[in-house]
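To keep things clear, I will list the structure first and then write my remarks on it.
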Amino acid sequence: MGVHECEICQFHGEAVGSANLYIPFDGNIYVCPELITHYINAHLYSPPSIFCDAVLACPPMNSMGYKRLLLACNGQVLWKPPSE
Ligand SMILES: [Zn+2]
């Protein structure tokens with residue numbers, strides 16, 4: 001949905017993000033804005049425990065294990081076919 005800047009930040013707008021993170025876990029895919037790490041570190045946001053479990057169990061996002069787990073959680077719906 002475009003670039004987003006943290007709207008509650010007292011840190012002079014340093015936090016900007018535009019991507020989403022996809023966390024496959026237990027048959028589901030959790031999606032969150034990349035700024036979640038900023039919200040956790042700077043604003044003490046505490047995600048739901050199931051999300052934390054998913055992150056801790058997730059293989060590195062550029063690994064084959066991550067890609068296989070994403071597909072096992074029906075992640076193929078996230079890929080757009082190449083346009084012709
Ligand atoms: Zn902030």
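Every chain in the structure tokens has a letter given in the order shown (A, B, ...), and although residue numbers restart at 1 in each chain, ligands are simply numbered from 1 in the order shown.
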Using only C-alpha atoms and all ligand atoms, find each residue of chain A with at least one atom at most 9 Å away from an atom of ligand 1; report its shortest atom-to-atom pair and that distance in Å (one decimal), sort the rows by chain and rising residue number, and return the result as a tab-separated table.
residue	atom	partner	partner_atom_place_in_ligand_line	distance
A:Glu5	CA	ligand 1	1 (Zn)	7.9
A:Cys6	CA	ligand 1	1 (Zn)	4.6
A:Glu7	CA	ligand 1	1 (Zn)	6.6
A:Ile8	CA	ligand 1	1 (Zn)	5.4
A:Cys9	CA	ligand 1	1 (Zn)	3.4
A:Gln10	CA	ligand 1	1 (Zn)	6.4
A:Phe11	CA	ligand 1	1 (Zn)	6.4
A:His12	CA	ligand 1	1 (Zn)	8.4
A:Gly13	CA	ligand 1	1 (Zn)	7.1
A:Glu14	CA	ligand 1	1 (Zn)	7.7
A:Ala15	CA	ligand 1	1 (Zn)	5.9
A:Val16	CA	ligand 1	1 (Zn)	8.8
A:Leu35	CA	ligand 1	1 (Zn)	8.6
A:His38	CA	ligand 1	1 (Zn)	6.3
A:Tyr39	CA	ligand 1	1 (Zn)	6.1
A:Asn41	CA	ligand 1	1 (Zn)	8.9
A:Ala42	CA	ligand 1	1 (Zn)	6.0
A:His43	CA	ligand 1	1 (Zn)	6.4
- Query: Looking only at the backbone, which of the residues in chain A does DSSP tag as helix (DSSP H, G or I), as a ChimeraX atom specification?
  - Reply: /A:36-43,49-57,64-72,75-78
Using only C-alpha atoms, please write the residues we just selected to a file, as a short mmCIF file (atom, residue, chain, number, x, y, z; two decimals), in the first residue's frame.
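Written file, part17.cif:
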data_model
loop_
_atom_site.label_atom_id
_atom_site.label_comp_id
_atom_site.auth_asym_id
_atom_site.auth_seq_id
_atom_site.Cartn_x
_atom_site.Cartn_y
_atom_site.Cartn_z
CA ILE A 36 6.65 -4.24 13.38
CA THR A 37 10.27 -4.51 14.52
CA HIS A 38 10.31 -0.75 15.09
CA TYR A 39 7.00 -0.88 16.99
CA ILE A 40 8.40 -3.64 19.21
CA ASN A 41 11.77 -1.97 19.84
CA ALA A 42 10.77 1.69 20.06
CA HIS A 43 7.17 1.57 21.27
CA SER A 49 2.00 -14.96 21.48
CA ILE A 50 1.05 -17.11 18.46
CA PHE A 51 2.79 -14.57 16.22
CA CYS A 52 5.92 -14.67 18.39
CA ASP A 53 5.87 -18.49 18.24
CA ALA A 54 5.61 -18.27 14.44
CA VAL A 55 8.55 -15.87 14.16
CA LEU A 56 10.74 -17.98 16.44
CA ALA A 57 9.97 -21.13 14.42
CA MET A 64 14.78 -23.03 0.83
CA GLY A 65 13.23 -24.15 4.14
CA TYR A 66 11.28 -20.88 4.31
CA LYS A 67 10.05 -21.23 0.73
CA ARG A 68 8.98 -24.85 1.31
CA LEU A 69 7.15 -23.90 4.51
CA LEU A 70 5.44 -20.99 2.75
CA LEU A 71 4.19 -23.34 0.04
CA ALA A 72 3.09 -25.92 2.62
CA GLY A 75 1.61 -19.60 0.05
CA GLN A 76 1.38 -20.14 -3.71
CA VAL A 77 -1.61 -17.77 -3.67
CA LEU A 78 0.86 -14.94 -2.86
#
Leaving out A:Val31 and any residue of its chain fewer than 5 positions from it, which residues lie within 8 Å of it when counting only C-alpha atoms, given as a JSON list (two decimals) with N, CA, C and O atoms, in the first residue's frame?
[["chain", "number", "residue", "atom", "x", "y", "z"],
["A", 20, "ASN", "N", 5.85, -5.88, 3.52],
["A", 20, "ASN", "CA", 5.21, -6.76, 4.49],
["A", 20, "ASN", "C", 6.09, -7.97, 4.72],
["A", 20, "ASN", "O", 6.85, -8.37, 3.84],
["A", 21, "LEU", "N", 5.96, -8.56, 5.89],
["A", 21, "LEU", "CA", 6.64, -9.81, 6.22],
["A", 21, "LEU", "C", 5.60, -10.94, 6.20],
["A", 21, "LEU", "O", 4.47, -10.73, 6.66],
["A", 22, "TYR", "N", 6.00, -12.09, 5.69],
["A", 22, "TYR", "CA", 5.11, -13.25, 5.62],
["A", 22, "TYR", "C", 5.72, -14.35, 6.47],
["A", 22, "TYR", "O", 6.82, -14.81, 6.19],
["A", 23, "ILE", "N", 4.99, -14.75, 7.51],
["A", 23, "ILE", "CA", 5.49, -15.73, 8.47],
["A", 23, "ILE", "C", 4.62, -16.98, 8.41],
["A", 23, "ILE", "O", 3.51, -17.00, 8.98]]
- Message: Which of chain A end up as strand (DSSP E or B) when DSSP is run on this backbone - answer as a PyMOL selection string?
- Response: chain A and resi 4-5+16-17+20-25+28-33
Just the selected residues (all heavy atoms), exported as a compact mmCIF listing (two decimals), in the first residue's frame, please.
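The resulting result_32.txt:
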# COMPACT_ATOMS: atom_id res chain seq x y z
N HIS A 4 5.08 3.92 4.46
CA HIS A 4 4.41 4.33 5.69
C HIS A 4 5.47 4.80 6.68
O HIS A 4 6.51 4.17 6.83
CB HIS A 4 3.63 3.16 6.28
CG HIS A 4 2.96 3.49 7.57
ND1 HIS A 4 1.79 4.22 7.63
CD2 HIS A 4 3.28 3.22 8.84
CE1 HIS A 4 1.43 4.36 8.89
NE2 HIS A 4 2.33 3.77 9.65
N GLU A 5 5.19 5.90 7.33
CA GLU A 5 6.08 6.42 8.37
C GLU A 5 5.38 6.25 9.71
O GLU A 5 4.17 6.45 9.82
CB GLU A 5 6.36 7.89 8.10
CG GLU A 5 7.35 8.50 9.06
CD GLU A 5 7.69 9.95 8.68
OE1 GLU A 5 7.86 10.21 7.46
OE2 GLU A 5 7.77 10.78 9.58
N VAL A 16 10.54 4.24 8.62
CA VAL A 16 9.76 4.23 7.39
C VAL A 16 9.80 2.81 6.83
O VAL A 16 10.84 2.16 6.85
CB VAL A 16 10.35 5.22 6.36
CG1 VAL A 16 9.61 5.13 5.04
CG2 VAL A 16 10.30 6.63 6.90
N GLY A 17 8.67 2.36 6.33
CA GLY A 17 8.63 1.04 5.74
C GLY A 17 7.57 0.94 4.67
O GLY A 17 6.61 1.72 4.67
N ASN A 20 5.85 -5.88 3.52
CA ASN A 20 5.21 -6.76 4.49
C ASN A 20 6.09 -7.97 4.72
O ASN A 20 6.85 -8.37 3.84
CB ASN A 20 3.84 -7.23 3.98
CG ASN A 20 2.82 -6.12 4.02
OD1 ASN A 20 2.80 -5.32 4.95
ND2 ASN A 20 1.97 -6.07 3.02
N LEU A 21 5.96 -8.56 5.89
CA LEU A 21 6.64 -9.81 6.22
C LEU A 21 5.60 -10.94 6.20
O LEU A 21 4.47 -10.73 6.66
CB LEU A 21 7.30 -9.73 7.60
CG LEU A 21 8.27 -8.57 7.81
CD1 LEU A 21 8.78 -8.57 9.24
CD2 LEU A 21 9.42 -8.64 6.83
N TYR A 22 6.00 -12.09 5.69
CA TYR A 22 5.11 -13.25 5.62
C TYR A 22 5.72 -14.35 6.47
O TYR A 22 6.82 -14.81 6.19
CB TYR A 22 4.95 -13.71 4.18
CG TYR A 22 4.32 -12.65 3.31
CD1 TYR A 22 5.09 -11.66 2.71
CD2 TYR A 22 2.95 -12.62 3.13
CE1 TYR A 22 4.50 -10.67 1.93
CE2 TYR A 22 2.35 -11.63 2.35
CZ TYR A 22 3.14 -10.67 1.76
OH TYR A 22 2.55 -9.68 1.00
N ILE A 23 4.99 -14.75 7.51
CA ILE A 23 5.49 -15.73 8.47
C ILE A 23 4.62 -16.98 8.41
O ILE A 23 3.51 -17.00 8.98
CB ILE A 23 5.47 -15.17 9.91
CG1 ILE A 23 5.99 -13.74 9.98
CG2 ILE A 23 6.21 -16.09 10.85
CD1 ILE A 23 7.43 -13.57 9.63
N PRO A 24 5.09 -18.06 7.73
CA PRO A 24 4.29 -19.28 7.68
C PRO A 24 4.44 -20.07 8.98
O PRO A 24 5.55 -20.22 9.51
CB PRO A 24 4.91 -20.04 6.50
CG PRO A 24 6.32 -19.56 6.42
CD PRO A 24 6.33 -18.15 6.95
N PHE A 25 3.29 -20.57 9.47
CA PHE A 25 3.35 -21.31 10.73
C PHE A 25 2.07 -22.11 10.92
O PHE A 25 0.97 -21.55 10.85
CB PHE A 25 3.53 -20.34 11.91
CG PHE A 25 3.65 -21.01 13.26
CD1 PHE A 25 4.77 -21.75 13.58
CD2 PHE A 25 2.64 -20.89 14.20
CE1 PHE A 25 4.89 -22.36 14.82
CE2 PHE A 25 2.75 -21.49 15.45
CZ PHE A 25 3.88 -22.23 15.76
N ASN A 28 -0.89 -21.68 8.59
CA ASN A 28 -1.32 -20.30 8.33
C ASN A 28 -0.12 -19.45 7.92
O ASN A 28 1.02 -19.83 8.16
CB ASN A 28 -1.95 -19.69 9.59
CG ASN A 28 -3.17 -20.43 10.04
OD1 ASN A 28 -4.15 -20.54 9.30
ND2 ASN A 28 -3.13 -20.97 11.25
N ILE A 29 -0.41 -18.30 7.33
CA ILE A 29 0.65 -17.33 7.02
C ILE A 29 0.28 -16.02 7.71
O ILE A 29 -0.76 -15.42 7.41
CB ILE A 29 0.80 -17.11 5.50
CG1 ILE A 29 1.16 -18.43 4.82
CG2 ILE A 29 1.87 -16.06 5.23
CD1 ILE A 29 1.15 -18.37 3.31
N TYR A 30 1.12 -15.60 8.62
CA TYR A 30 0.91 -14.33 9.31
C TYR A 30 1.59 -13.22 8.51
O TYR A 30 2.74 -13.37 8.09
CB TYR A 30 1.48 -14.40 10.74
CG TYR A 30 0.75 -15.42 11.57
CD1 TYR A 30 1.20 -16.74 11.64
CD2 TYR A 30 -0.40 -15.08 12.26
CE1 TYR A 30 0.52 -17.69 12.37
CE2 TYR A 30 -1.09 -16.03 13.00
CZ TYR A 30 -0.62 -17.33 13.05
OH TYR A 30 -1.31 -18.27 13.77
N VAL A 31 0.87 -12.15 8.28
CA VAL A 31 1.39 -11.03 7.50
C VAL A 31 1.42 -9.80 8.39
O VAL A 31 0.45 -9.51 9.09
CB VAL A 31 0.50 -10.76 6.26
CG1 VAL A 31 1.07 -9.62 5.43
CG2 VAL A 31 0.36 -12.02 5.42
N CYS A 32 2.55 -9.09 8.36
CA CYS A 32 2.66 -7.87 9.17
C CYS A 32 3.53 -6.87 8.43
O CYS A 32 4.33 -7.24 7.58
CB CYS A 32 3.25 -8.19 10.54
SG CYS A 32 4.94 -8.79 10.46
N PRO A 33 3.38 -5.59 8.74
CA PRO A 33 4.26 -4.59 8.12
C PRO A 33 5.68 -4.74 8.66
O PRO A 33 5.88 -5.12 9.81
CB PRO A 33 3.64 -3.27 8.54
CG PRO A 33 2.87 -3.58 9.77
CD PRO A 33 2.41 -5.00 9.64
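Here atom CA of A:Cys73 is placed at a distance of 13.7 Å from atom CA of A:Pro59.
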- Message: Quick check, in Å to one decimal: how far apart do atom CA of A:Pro81 and atom CA of A:Gly27 lie?
- Response: 22.8 Å
